[in-house]
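Below is the file input.cif, which contains mmCIF, C-alpha atoms and all ligand atoms.
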data_start
#
loop_
_atom_site.label_atom_id
_atom_site.label_comp_id
_atom_site.auth_asym_id
_atom_site.auth_seq_id
_atom_site.Cartn_x
_atom_site.Cartn_y
_atom_site.Cartn_z
CA MET A 1 -0.78 11.77 -3.73
CA LEU A 2 -2.14 8.97 -1.53
CA ASN A 3 0.04 5.83 -1.52
CA VAL A 4 -1.99 2.73 -0.78
CA GLY A 5 -1.64 -1.00 -0.18
CA LEU A 6 -4.28 -3.57 -0.97
CA ILE A 7 -4.92 -6.52 1.36
CA GLY A 8 -6.93 -9.22 -0.42
CA CYS A 9 -6.97 -9.35 -4.18
CA GLY A 10 -10.12 -11.26 -5.12
CA ASN A 11 -13.14 -10.62 -7.30
CA VAL A 12 -14.12 -7.25 -5.85
CA VAL A 13 -10.71 -5.94 -6.89
CA SER A 14 -11.21 -7.15 -10.45
CA TYR A 15 -14.38 -5.15 -11.13
CA GLY A 16 -14.15 -2.44 -8.46
CA HIS A 17 -10.78 -1.46 -7.04
CA LYS A 18 -8.71 -2.29 -10.13
CA PRO A 19 -10.54 0.00 -12.55
CA ALA A 20 -10.66 2.73 -9.88
CA LEU A 21 -7.02 2.55 -8.83
CA THR A 22 -5.71 2.31 -12.38
CA ALA A 23 -7.80 5.34 -13.43
CA LEU A 24 -7.08 7.75 -10.56
CA ASP A 25 -4.00 9.98 -10.82
CA ASP A 26 -3.81 10.99 -7.15
CA VAL A 27 -4.13 7.50 -5.63
CA ASN A 28 -1.13 5.27 -6.17
CA LEU A 29 -1.17 1.52 -5.51
CA VAL A 30 2.24 0.65 -4.04
CA ALA A 31 1.88 -2.95 -2.89
CA VAL A 32 -0.48 -5.91 -2.55
CA ALA A 33 -0.84 -8.61 0.12
CA ASP A 34 -2.79 -11.82 -0.40
CA VAL A 35 -2.46 -15.27 1.16
CA THR A 36 -3.04 -16.92 -2.23
CA LYS A 37 -0.02 -16.89 -4.52
CA GLU A 38 -2.07 -17.09 -7.74
CA ARG A 39 -4.03 -14.02 -6.69
CA ARG A 40 -0.82 -12.10 -5.97
CA LEU A 41 0.39 -12.94 -9.45
CA ILE A 42 -2.89 -11.84 -11.02
CA CYS A 43 -2.57 -8.55 -9.15
CA LYS A 44 1.05 -8.15 -10.23
CA GLU A 45 -0.08 -8.25 -13.82
CA TRP A 46 -3.13 -6.00 -13.36
CA PHE A 47 -1.14 -3.24 -11.69
CA THR A 48 2.30 -3.93 -13.30
CA LEU A 49 3.91 -4.31 -9.89
CA PRO A 50 7.48 -5.50 -9.20
CA ASP A 51 7.95 -8.74 -7.22
CA GLU A 52 9.00 -6.75 -4.12
CA ALA A 53 5.52 -5.21 -4.06
CA LEU A 54 3.81 -8.59 -3.50
CA TYR A 55 3.35 -9.87 0.06
CA ALA A 56 2.13 -13.22 1.35
CA ASP A 57 1.97 -11.72 4.87
CA TYR A 58 0.19 -8.36 5.13
CA LYS A 59 2.27 -7.52 8.23
CA ASP A 60 5.39 -7.20 6.07
CA MET A 61 3.52 -4.81 3.82
CA LEU A 62 2.30 -2.73 6.79
CA ALA A 63 5.95 -2.28 7.84
CA ARG A 64 6.59 -0.15 4.74
CA ASP A 65 6.72 3.54 5.50
CA ASP A 66 5.80 4.60 1.96
CA ILE A 67 2.18 3.41 2.42
CA ASP A 68 -0.37 5.91 3.84
CA ALA A 69 -3.49 3.77 3.74
CA VAL A 70 -4.68 0.21 3.11
CA CYS A 71 -7.82 -1.22 1.60
CA VAL A 72 -8.92 -4.40 3.40
CA ALA A 73 -10.73 -6.53 0.82
CA VAL A 74 -10.45 -9.96 2.45
CA PRO A 75 -13.56 -11.92 3.52
CA GLN A 76 -15.08 -10.11 6.52
CA GLY A 77 -14.23 -12.85 9.04
CA PHE A 78 -10.54 -11.93 8.70
CA ARG A 79 -10.79 -8.17 9.03
CA ARG A 80 -10.25 -7.68 12.79
CA GLU A 81 -6.58 -8.57 13.09
CA ILE A 82 -5.64 -6.88 9.81
CA VAL A 83 -7.49 -3.63 10.57
CA LEU A 84 -6.14 -3.41 14.13
CA ASP A 85 -2.59 -4.06 12.86
CA ALA A 86 -3.05 -1.41 10.16
CA PHE A 87 -4.06 1.22 12.72
CA ALA A 88 -1.16 0.17 14.97
CA ALA A 89 1.13 0.74 11.97
CA GLY A 90 -0.35 4.22 11.44
CA LYS A 91 -2.23 3.47 8.21
CA HIS A 92 -5.67 4.82 7.33
CA VAL A 93 -8.13 2.03 6.45
CA LEU A 94 -10.74 1.61 3.75
CA SER A 95 -12.74 -1.50 4.63
CA GLU A 96 -14.82 -3.60 2.33
CA LYS A 97 -18.35 -4.35 3.49
CA PRO A 98 -19.64 -5.80 5.78
CA ILE A 99 -17.33 -4.14 8.30
CA ALA A 100 -17.01 -7.34 10.38
CA THR A 101 -19.05 -10.36 11.42
CA SER A 102 -19.93 -8.95 14.86
CA PRO A 103 -20.70 -5.44 16.16
CA ALA A 104 -18.26 -6.06 19.04
CA VAL A 105 -15.37 -6.44 16.59
CA ALA A 106 -16.58 -3.45 14.55
CA THR A 107 -16.70 -1.34 17.72
CA GLU A 108 -13.20 -2.45 18.74
CA MET A 109 -11.82 -1.45 15.31
CA ILE A 110 -13.64 1.92 15.38
CA GLU A 111 -12.20 2.69 18.83
CA ALA A 112 -8.71 1.80 17.54
CA ALA A 113 -9.15 4.22 14.62
CA HIS A 114 -10.24 7.01 16.98
CA SER A 115 -7.33 6.42 19.39
CA ALA A 116 -4.86 6.46 16.50
CA GLY A 117 -6.49 9.52 14.91
CA LEU A 118 -6.79 7.71 11.56
CA VAL A 119 -9.52 7.63 8.92
CA PHE A 120 -11.67 4.47 8.85
CA GLY A 121 -14.00 4.40 5.85
CA MET A 122 -16.32 1.80 4.33
CA VAL A 123 -16.61 0.66 0.72
CA HIS A 124 -20.29 1.64 0.59
CA ASN A 125 -19.95 2.23 -3.12
CA TYR A 126 -23.67 1.99 -3.96
CA LEU A 127 -23.95 5.53 -2.55
CA PHE A 128 -22.19 6.55 -5.76
CA LEU A 129 -24.33 4.61 -8.23
CA PRO A 130 -26.14 7.04 -10.56
CA GLU A 131 -29.65 5.75 -9.82
CA PHE A 132 -29.30 6.35 -6.07
CA ILE A 133 -27.79 9.79 -6.58
CA ALA A 134 -30.76 10.63 -8.84
CA ILE A 135 -33.28 9.28 -6.29
CA LYS A 136 -31.68 11.19 -3.43
CA ASN A 137 -31.69 14.40 -5.48
CA LEU A 138 -35.38 13.94 -6.27
CA ILE A 139 -36.21 13.43 -2.59
CA GLN A 140 -34.19 16.49 -1.63
CA SER A 141 -35.92 18.57 -4.31
CA GLY A 142 -39.26 17.76 -2.67
CA ALA A 143 -40.59 15.92 -5.76
CA ILE A 144 -42.55 13.44 -3.60
CA GLY A 145 -42.82 15.47 -0.40
CA GLN A 146 -41.56 13.75 2.76
CA PRO A 147 -40.51 10.14 2.02
CA ARG A 148 -42.62 7.77 4.09
CA VAL A 149 -42.31 4.20 2.81
CA ALA A 150 -39.39 2.94 0.71
CA THR A 151 -39.27 -0.54 -0.77
CA LEU A 152 -35.90 -1.74 -2.02
CA HIS A 153 -36.40 -4.76 -4.26
CA PHE A 154 -33.27 -6.92 -4.42
CA LEU A 155 -34.80 -10.30 -5.24
CA GLY A 156 -32.66 -10.79 -8.33
CA VAL A 157 -29.23 -10.89 -6.69
CA ILE A 158 -26.85 -13.08 -8.67
CA ASP A 159 -24.92 -15.49 -6.46
CA TYR A 160 -21.43 -15.06 -7.90
CA PRO A 161 -18.80 -17.34 -6.33
CA GLY A 162 -15.56 -15.95 -4.86
CA ALA A 163 -12.24 -16.17 -6.70
CA ALA A 164 -11.60 -19.77 -7.81
CA GLU A 165 -7.92 -19.65 -6.69
CA TYR A 166 -9.04 -19.11 -3.05
CA LYS A 167 -12.26 -20.64 -1.59
CA SER A 168 -15.03 -19.90 -4.04
CA GLY A 169 -17.83 -20.98 -1.64
CA TRP A 170 -16.90 -19.01 1.51
CA ARG A 171 -20.03 -16.80 1.22
CA HIS A 172 -22.19 -19.85 1.97
CA GLY A 173 -20.47 -20.75 5.24
CA LEU A 174 -21.25 -19.41 8.72
CA GLU A 175 -17.84 -17.70 8.65
CA ALA A 176 -19.37 -15.16 6.23
CA GLY A 177 -21.44 -13.92 9.20
CA GLY A 178 -24.74 -14.20 7.33
CA GLY A 179 -26.14 -14.90 3.90
CA VAL A 180 -27.48 -12.73 1.12
CA LEU A 181 -28.61 -9.91 3.43
CA ALA A 182 -25.14 -9.57 4.99
CA ASP A 183 -23.49 -9.87 1.59
CA MET A 184 -25.81 -7.31 -0.03
CA ILE A 185 -25.70 -4.98 2.98
CA HIS A 186 -25.69 -2.21 0.37
CA ALA A 187 -29.50 -2.14 0.57
CA VAL A 188 -29.31 -1.61 4.34
CA TYR A 189 -26.99 1.40 4.30
CA LEU A 190 -28.93 2.83 1.33
CA ALA A 191 -32.18 2.71 3.32
CA GLU A 192 -30.58 4.67 6.15
CA TRP A 193 -29.10 7.16 3.66
CA LEU A 194 -32.48 7.70 1.97
CA PHE A 195 -34.14 8.55 5.30
CA ASP A 196 -31.04 10.40 6.48
CA THR A 197 -31.27 9.01 9.99
CA PRO A 198 -30.43 5.73 11.78
CA ALA A 199 -33.08 3.01 12.01
CA THR A 200 -34.76 2.40 15.36
CA GLN A 201 -36.54 -0.97 14.88
CA VAL A 202 -36.35 -4.00 12.58
CA MET A 203 -38.39 -7.15 11.95
CA ALA A 204 -37.89 -9.88 9.36
CA PHE A 205 -38.59 -13.23 7.80
CA VAL A 206 -35.32 -15.01 6.94
CA ASP A 207 -35.43 -18.25 4.99
CA ALA A 208 -33.67 -20.39 2.38
CA LEU A 209 -35.92 -21.32 -0.54
CA GLU A 210 -33.41 -21.19 -3.40
CA TYR A 211 -30.94 -23.64 -1.84
CA ALA A 212 -33.40 -25.60 0.31
CA ASP A 213 -32.20 -28.92 -1.13
CA GLU A 214 -28.53 -28.22 -0.42
CA HIS A 215 -28.62 -28.05 3.41
CA PRO A 216 -27.87 -24.32 3.54
CA VAL A 217 -26.59 -22.83 6.80
CA ILE A 218 -27.19 -19.20 5.78
CA GLU A 219 -30.20 -17.48 4.22
CA ASP A 220 -30.89 -16.85 0.56
CA LEU A 221 -34.06 -14.85 1.28
CA ALA A 222 -34.65 -12.01 3.76
CA LEU A 223 -37.82 -9.90 3.91
CA VAL A 224 -36.98 -7.04 6.22
CA GLN A 225 -39.06 -4.17 7.59
CA ILE A 226 -37.31 -1.20 9.13
CA ALA A 227 -38.66 1.70 11.20
CA PHE A 228 -36.95 5.09 11.02
CA PRO A 229 -38.04 8.04 13.17
CA ASN A 230 -39.47 9.65 10.02
CA GLY A 231 -40.72 6.68 7.95
CA TYR A 232 -40.39 3.01 7.03
CA ALA A 233 -38.40 0.87 4.62
CA ALA A 234 -38.85 -2.68 3.36
CA ILE A 235 -35.92 -4.60 1.93
CA HIS A 236 -36.79 -7.66 -0.13
CA MET A 237 -33.50 -9.45 -0.58
CA GLY A 238 -32.81 -12.74 -2.30
CA TRP A 239 -30.39 -14.72 -4.39
CA GLY A 240 -32.55 -15.69 -7.36
CA LYS A 241 -34.39 -14.37 -10.38
CA GLY A 242 -36.80 -11.95 -8.73
CA VAL A 243 -37.70 -8.29 -9.12
CA GLY A 244 -35.28 -5.41 -8.63
CA GLY A 245 -35.70 -1.66 -8.28
CA VAL A 246 -36.90 0.92 -5.80
CA ASP A 247 -40.34 2.34 -4.96
CA ILE A 248 -40.74 5.25 -2.55
CA SER A 249 -44.03 6.73 -1.41
CA GLY A 250 -43.99 10.23 0.02
CA SER A 251 -46.43 12.72 1.47
CA ASP A 252 -46.93 14.34 -1.96
CA GLY A 253 -46.32 11.63 -4.54
CA HIS A 254 -44.19 8.61 -5.22
CA LEU A 255 -41.23 7.46 -7.30
CA ARG A 256 -40.24 4.29 -9.09
CA MET A 257 -36.86 3.16 -10.43
CA ARG A 258 -36.28 0.03 -12.48
CA TYR A 259 -33.27 -1.68 -14.08
CA HIS A 260 -32.59 -3.09 -17.50
CA GLN A 261 -34.35 -6.48 -17.61
CA TYR A 262 -35.85 -5.59 -14.18
CA GLN A 263 -32.73 -6.96 -12.48
CA SER A 264 -31.51 -5.94 -9.02
CA SER A 265 -29.17 -3.13 -8.13
CA GLY A 266 -25.53 -3.97 -8.78
CA PHE A 267 -26.34 -6.44 -11.53
CA ASN A 268 -27.59 -4.27 -14.38
CA ARG A 269 -27.85 -0.64 -15.41
CA PRO A 270 -30.78 1.55 -14.34
CA GLU A 271 -33.26 2.26 -17.08
CA GLU A 272 -36.33 3.98 -15.72
CA LEU A 273 -36.94 6.63 -13.07
CA TYR A 274 -40.19 8.49 -12.70
CA THR A 275 -42.14 10.35 -10.09
CA VAL A 276 -45.91 10.63 -9.78
CA ASP A 277 -46.97 13.94 -8.29
CA ALA A 278 -49.80 14.78 -5.92
CA ASN A 279 -52.15 15.05 -8.94
CA TRP A 280 -51.19 11.56 -10.17
CA GLU A 281 -49.19 13.02 -13.09
CA ARG A 282 -46.13 11.04 -14.18
CA HIS A 283 -42.77 12.81 -14.70
CA ASP A 284 -39.81 10.91 -16.17
CA HIS A 285 -36.30 11.79 -14.97
CA PRO A 286 -32.90 11.15 -16.56
CA ILE A 287 -30.28 9.06 -14.75
CA GLU A 288 -26.63 9.81 -15.46
CA SER A 289 -25.94 6.18 -16.23
CA LEU A 290 -23.15 4.94 -18.46
CA PRO A 291 -24.13 2.55 -21.28
CA ALA A 292 -22.30 -0.42 -19.73
CA HIS A 293 -23.31 -1.63 -16.28
CA ALA A 294 -19.70 -2.54 -15.42
CA ALA A 295 -18.66 1.07 -16.10
CA ASN A 296 -21.21 2.36 -13.55
CA ILE A 297 -19.81 -0.02 -10.94
CA ALA A 298 -16.21 0.94 -11.74
CA LEU A 299 -17.07 4.65 -11.54
CA SER A 300 -18.74 4.15 -8.15
CA PHE A 301 -15.44 2.73 -6.82
CA ALA A 302 -13.43 5.59 -8.37
CA LYS A 303 -15.71 8.15 -6.68
CA LEU A 304 -15.45 6.28 -3.41
CA TRP A 305 -11.63 6.26 -3.55
CA THR A 306 -11.63 9.98 -4.39
CA ASP A 307 -13.80 10.65 -1.34
CA PHE A 308 -11.48 8.52 0.85
CA ALA A 309 -8.36 10.35 -0.37
CA ASP A 310 -10.03 13.73 0.12
CA ALA A 311 -11.22 12.77 3.62
CA ILE A 312 -7.61 11.97 4.60
CA ALA A 313 -6.27 15.17 3.02
CA THR A 314 -8.88 17.41 4.62
CA GLU A 315 -9.15 15.49 7.92
CA ARG A 316 -12.90 14.79 7.68
CA PRO A 317 -14.87 11.52 7.89
CA THR A 318 -15.55 9.72 4.62
CA VAL A 319 -19.02 9.72 3.07
CA ALA A 320 -19.45 6.27 4.66
CA PRO A 321 -17.51 6.21 7.93
CA ALA A 322 -17.00 2.93 9.77
CA GLU A 323 -19.84 3.89 12.14
CA SER A 324 -22.29 3.52 9.23
CA GLY A 325 -20.84 0.05 8.60
CA LEU A 326 -21.48 -0.81 12.26
CA ARG A 327 -25.09 0.42 12.11
CA ALA A 328 -25.75 -1.58 8.93
CA LEU A 329 -24.28 -4.72 10.51
CA GLU A 330 -26.42 -4.25 13.63
CA LEU A 331 -29.51 -3.95 11.46
CA VAL A 332 -28.68 -7.20 9.63
CA LEU A 333 -28.14 -9.04 12.92
CA GLY A 334 -31.30 -7.45 14.31
CA ALA A 335 -33.20 -8.85 11.31
CA TYR A 336 -31.81 -12.34 11.96
CA THR A 337 -32.72 -12.03 15.66
CA SER A 338 -36.26 -10.98 14.72
CA ALA A 339 -36.62 -13.93 12.34
CA VAL A 340 -35.49 -16.37 15.03
CA THR A 341 -37.52 -14.88 17.91
CA GLY A 342 -40.62 -13.63 16.05
CA ARG A 343 -40.14 -10.22 17.68
CA VAL A 344 -39.52 -6.66 16.61
CA ILE A 345 -35.93 -5.76 17.55
CA THR A 346 -34.90 -2.29 18.70
CA LEU A 347 -31.77 -0.65 17.36
CA PRO A 348 -28.99 -0.11 18.16
CA LEU A 349 -28.57 -3.62 19.57
CA GLY A 350 -27.77 -3.85 23.27
CA LYS A 351 -24.07 -4.41 23.90
CA ASN A 352 -24.96 -7.37 26.12
CA THR A 353 -26.96 -9.19 23.42
CA PRO A 354 -25.35 -12.41 22.14
CA VAL A 355 -25.41 -11.27 18.49
CA PHE A 356 -23.61 -8.04 19.41
CA SER A 357 -20.64 -9.96 20.77
CA GLU A 358 -20.73 -13.02 18.51
CA GLY A 359 -22.64 -12.18 15.32
CA VAL A 360 -24.68 -15.08 13.91
CA GLN A 361 -23.10 -17.49 16.41
CA GLY A 362 -24.94 -15.49 19.07
CA LEU A 363 -28.26 -16.67 17.60
CA LEU A 364 -27.52 -20.03 19.24
CA HIS A 365 -27.85 -18.39 22.65
CA ILE A 366 -31.28 -16.81 22.25
CA ASN A 367 -34.64 -18.43 22.84
CA PRO A 368 -36.09 -19.32 19.43
CA TRP A 369 -39.78 -18.93 18.64
CA PRO A 370 -41.17 -22.42 17.91
CA GLN A 371 -42.90 -21.13 14.76
CA SER A 372 -39.78 -19.48 13.33
CA ARG A 373 -39.32 -20.21 9.60
CA THR A 374 -35.58 -19.56 10.05
CA VAL A 375 -35.34 -22.32 12.65
CA ALA A 376 -37.50 -24.61 10.49
CA ALA A 377 -35.08 -24.00 7.61
CA LYS A 378 -32.25 -25.09 9.97
CA LEU A 379 -30.28 -21.90 9.33
CA PHE A 380 -27.35 -20.63 11.42
CA GLY A 381 -26.93 -24.04 13.13
CA ILE A 382 -29.79 -23.25 15.53
CA ASP A 383 -31.70 -26.44 14.94
CA GLU A 384 -28.68 -28.63 15.71
CA VAL A 385 -28.09 -26.94 19.04
CA ARG A 386 -31.73 -27.39 19.99
CA ALA A 387 -31.62 -31.06 18.95
CA HIS A 388 -28.69 -31.57 21.35
CA GLU A 389 -30.52 -29.79 24.15
CA HIS A 390 -33.64 -31.95 23.93
N1 LIG B 1 -18.32 -3.35 -2.43
C1 LIG B 1 -18.77 -4.34 -3.19
O1 LIG B 1 -19.59 -4.13 -4.06
C2 LIG B 1 -18.25 -5.74 -2.96
C3 LIG B 1 -18.39 -6.71 -3.97
C4 LIG B 1 -17.89 -7.99 -3.74
C5 LIG B 1 -17.26 -8.29 -2.54
N2 LIG B 1 -17.14 -7.34 -1.57
C6 LIG B 1 -16.48 -7.65 -0.27
O2 LIG B 1 -15.08 -7.76 -0.50
C7 LIG B 1 -14.53 -8.82 0.30
C8 LIG B 1 -13.87 -9.84 -0.61
O3 LIG B 1 -14.85 -10.38 -1.50
P1 LIG B 1 -14.44 -11.05 -2.90
O4 LIG B 1 -15.68 -11.26 -3.66
O5 LIG B 1 -13.34 -10.26 -3.51
O6 LIG B 1 -13.86 -12.44 -2.36
P2 LIG B 1 -12.89 -13.46 -3.13
O7 LIG B 1 -13.10 -14.79 -2.51
O8 LIG B 1 -13.03 -13.32 -4.60
O9 LIG B 1 -11.41 -12.93 -2.74
C9 LIG B 1 -10.93 -12.91 -1.42
C10 LIG B 1 -9.41 -12.70 -1.51
O10 LIG B 1 -8.90 -12.48 -0.19
C11 LIG B 1 -7.72 -13.28 -0.04
N3 LIG B 1 -7.54 -13.53 1.39
C12 LIG B 1 -8.31 -14.32 2.20
N4 LIG B 1 -7.87 -14.24 3.46
C13 LIG B 1 -6.83 -13.38 3.47
C14 LIG B 1 -5.96 -12.88 4.49
N5 LIG B 1 -6.12 -13.26 5.76
N6 LIG B 1 -4.98 -12.02 4.14
C15 LIG B 1 -4.82 -11.64 2.85
N7 LIG B 1 -5.61 -12.08 1.84
C16 LIG B 1 -6.61 -12.94 2.16
C17 LIG B 1 -7.97 -14.51 -0.88
O11 LIG B 1 -6.76 -15.18 -1.24
C18 LIG B 1 -8.68 -13.92 -2.10
O12 LIG B 1 -7.77 -13.49 -3.09
C19 LIG B 1 -15.70 -9.36 1.11
O13 LIG B 1 -15.74 -8.76 2.38
C20 LIG B 1 -16.93 -8.97 0.31
O14 LIG B 1 -18.09 -8.82 1.09
C21 LIG B 1 -17.61 -6.07 -1.77
#
With the file now loaded, output its structure as structure tokens.
Amino acid sequence: MLNVGLIGCGNVVSYGHKPALTALDDVNLVAVADVTKERRLICKEWFTLPDEALYADYKDMLARDDIDAVCVAVPQGFRREIVLDAFAAGKHVLSEKPIATSPAVATEMIEAAHSAGLVFGMVHNYLFLPEFIAIKNLIQSGAIGQPRVATLHFLGVIDYPGAAEYKSGWRHGLEAGGGVLADMIHAVYLAEWLFDTPATQVMAFVDALEYADEHPVIEDLALVQIAFPNGYAAIHMGWGKGVGGVDISGSDGHLRMRYHQYQSSGFNRPEELYTVDANWERHDHPIESLPAHAANIALSFAKLWTDFADAIATERPTVAPAESGLRALELVLGAYTSAVTGRVITLPLGKNTPVFSEGVQGLLHINPWPQSRTVAAKLFGIDEVRAHEH
């Protein structure tokens, strides 16, 4: 039995961690910490917790010796102190994505986990969605030969606000560490997982078309190209009403996956998966999808928690260790750097680059390309800094 505490009880708990934790027999939610009283009370009801199990200050919860692990589901800008305190208190950590807002903080937390000998896993739950399991199985079976070019279409991401009792608009501030690409970092770790190797280069256009009239400071559109040692991926990411699905071309065929109503991953159930073989013959493949989209999401969290509990019990890394969260974050920040400089960025990022130490704030310290669409869109506060300089 794994006894866990939850830090942050917002929307992701309602559709992800709550159904998982209430369904699993060998993971037991003991206590909850949240700075917002209304959210603590909502959690009390969801998990039928006693008043003593609710904490306004997570540090009081970490002092309990009946908790083995904590899930840190607060906005990413607040993770550092909480995660470091959790490791100091001897708790394993399951972190929501993105791991942090800067690679420097992510690295510091990873080093703390290693020194303490504790498990540090990411909520990279899309690895457990049925459509991606089916795609990965097809690739591994050789159905399309060696994968060469993958396009992940995420242009129909719905811009859900955060919990109303807290600060529903935090995702649109610079404190989120990026816009839709950082928020939907799922596509980034999925690309790496499909090619089974870390990315080496990234280039991108990053813009804000959807919210152009609302003085956005973060992007709502990111068109990203990624080089892997063995192939390429394109991620087309946007808050809006655009196309969703996956296309992968291989050395001996290609595959296509589409969602109900052609929506993007995470927002509807998968409906179509087929491969086309080397002779241009189409083969349809089943996806082990549940009828309701919400049930697929909930199951992905349950599988993720099961993996986390098993990793602790058997002293192995989780399916998505914190290092994969760091690599995904570096790729996102590399994409922003490319969009601002007009250059291809090599990965991993250098430890002395401004975005490594400061995240998006570091973009203010690099030389922008005059033609950059990201600068023209006045994203990340870059334009203001330049206006002051001239
Ligand atoms: N894996 C997924 O599919 C997925 C989906 C949504 C969100 N997320 C991630 O989960 C995190 C939370 O997102 P959300 O949509 O639930 O946000 P939310 O705004 O709905 O909830 C955030 C919660 O954290 C609490 N909180 C804020 N600061 C805190 C602190 N210092 N200590 C304790 N509690 C604090 C707030 O009171 C609120 O209840 C983010 O990092 C987000 O990227 C992951």
(message) Given all atoms listed in the file as the basis, pick out the residue of A:Phe87, A:Phe308, A:Phe205, A:Tyr274 nearest to Val246 in chain A.
(response)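 Residue with the minimum atom-to-atom distance to Val246 in chain A: A:Tyr274.
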(message) Can you tell me which residues surround Trp239 in chain A at a distance of at most 8 Å, considering all atoms listed in the file, apart from same-chain residues fewer than 2 positions away, and format the answer as a ChimeraX atom specification?
(response) /A:155-159,180,210,220-221,237,241
Please enclose the listed atoms of ligand LIG 1 (chain B) in an axis-aligned box, pad each side by 5 Å, and write out the centre and the three edge lengths in Å, rounded to one decimal, as lines of an AutoDock Vina configuration file.
center_x = -12.2
center_y = -9.3
center_z = 0.6
size_x = 24.8
size_y = 21.8
size_z = 20.4
(message) Could you check the closest approach to Ala377 in chain A for each of A:Gly350, A:Pro286, A:Pro216, A:Gly238 and tell me which residue wins, using only C-alpha atoms?
(response)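 For Ala377 in chain A, the nearest of the given residues is A:Pro216.
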(request) Find, counting only C-alpha atoms, the residue in A:Cys43, A:Leu347, A:Met184, A:Val70 that gets nearest to Pro98 in chain A. (result) A:Met184
(message) Between CA of Leu364 in chain A and CA of Val83 in chain A, what is the distance in Å, rounded to a tenth?
(response) 27.3 Å
(request) Identify the residues within 12 Å of coordinate (-35.1, -15.8, 25.6) (same frame as the file), considering only C-alpha atoms, and give the answer as a ChimeraX atom specification. (result) /A:337-338,340-343,353-354,363-370
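With distances taken over all atoms listed in the file, A:Met122 is the one residue among A:Met122, A:Ala150, A:Met1, A:Ala376 lying closest to Glu323 in chain A.
Nearest to ligand LIG 1 (chain B) of all the residues A:Gly5, A:Gly145, A:Gly245, A:Gly359 is A:Gly5, counting only C-alpha atoms and all ligand atoms.
Interatomic distance, CA of Asn137 in chain A to CA of Val188 in chain A: 18.9 Å.
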(message) One number please: CA of Arg40 in chain A to CA of Ser95 in chain A, in Å, one decimal.
(response) 19.2 Å
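Residue nearest ligand LIG 1 (chain B), chosen from A:Gly244, A:Gly142, A:Gly325, A:Gly253 and counting all atoms listed in the file: A:Gly325.
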(request) Excluding Glu108 in chain A and residues on its chain fewer than 5 positions from it, collect all residues at most 10 Å away from it, counting all atoms listed in the file, and give them as a list in words. (result)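 The residues satisfying every condition are Arg80, Leu84, Pro103 and Ala113 of chain A.
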(message) I'd like the neighbourhood of Thr48 in chain A as a PyMOL selection string, where a residue qualifies if any of its atoms comes within 12 Å (using all atoms listed in the file), though same-chain residues fewer than 2 positions away should be ignored.
(response) chain A and resi 18+22+29-32+40-46+50-54
(message) Can you pull out the residues contacting range 74-76 of chain A? Cut-off 6 Å, using all atoms listed in the file, and skip same-chain residues under 3 positions away; I want them as a ChimeraX atom specification.
(response) /A:8,79,100
Please identify every residue of range 240-307 of chain A that has at least one atom no farther than 10 Å from an atom of range 224-236 of chain A, counting only C-alpha atoms, and for each give the shortest atom pair and the distance in Å to one decimal, arranged by chain then increasing number, as a tab-separated table.
residue	atom	partner	partner_atom	distance
A:Gly242	CA	A:His236	CA	9.6
A:Val243	CA	A:His236	CA	9.1
A:Gly244	CA	A:His236	CA	8.9
A:Val246	CA	A:Ile235	CA	9.5
A:Asp247	CA	A:Ala234	CA	9.8
A:Ile248	CA	A:Ala233	CA	8.7
A:Ser249	CA	A:Tyr232	CA	9.9
A:Gly250	CA	A:Gly231	CA	9.3
(message) Show me, as a list of chain:residue names, the residues that have an atom within 7 Å of Tyr259 in chain A when counting all atoms listed in the file, minus same-chain residues fewer than 6 positions from it.
(response)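 In the requested form, the answer reads A:Gly244, A:Gly245, A:Asn268, A:Arg269, A:Pro270, A:Glu271, A:Glu272.
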(request) Mind listing whatever residues come within 10 Å of the point (-51.5, 14.0, -1.5)? Use only C-alpha atoms, file coordinates, and give them as a VMD selection string. (result) chain A and resid 144 to 145 250 to 254 277 to 280
Writing N, CA and C atoms and nothing else, produce range 285-291 of chain A as a compact mmCIF listing (two decimals), in the first residue's frame.
# COMPACT_ATOMS: atom_id res chain seq x y z
N HIS A 285 -6.84 -0.48 -37.93
CA HIS A 285 -6.43 -1.12 -36.68
C HIS A 285 -7.34 -0.67 -35.55
N PRO A 286 -7.69 -1.60 -34.65
CA PRO A 286 -8.53 -1.22 -33.51
C PRO A 286 -7.71 -0.42 -32.48
N ILE A 287 -8.40 0.44 -31.75
CA ILE A 287 -7.78 1.15 -30.61
C ILE A 287 -8.59 0.75 -29.40
N GLU A 288 -7.91 0.39 -28.31
CA GLU A 288 -8.63 -0.03 -27.11
C GLU A 288 -9.15 1.20 -26.36
N SER A 289 -10.05 1.91 -27.01
CA SER A 289 -10.58 3.14 -26.44
C SER A 289 -11.90 2.87 -25.73
N LEU A 290 -12.12 3.58 -24.63
CA LEU A 290 -13.40 3.46 -23.93
C LEU A 290 -14.40 4.39 -24.62
N PRO A 291 -15.70 4.11 -24.49
CA PRO A 291 -16.68 4.93 -25.21
C PRO A 291 -16.63 6.42 -24.82
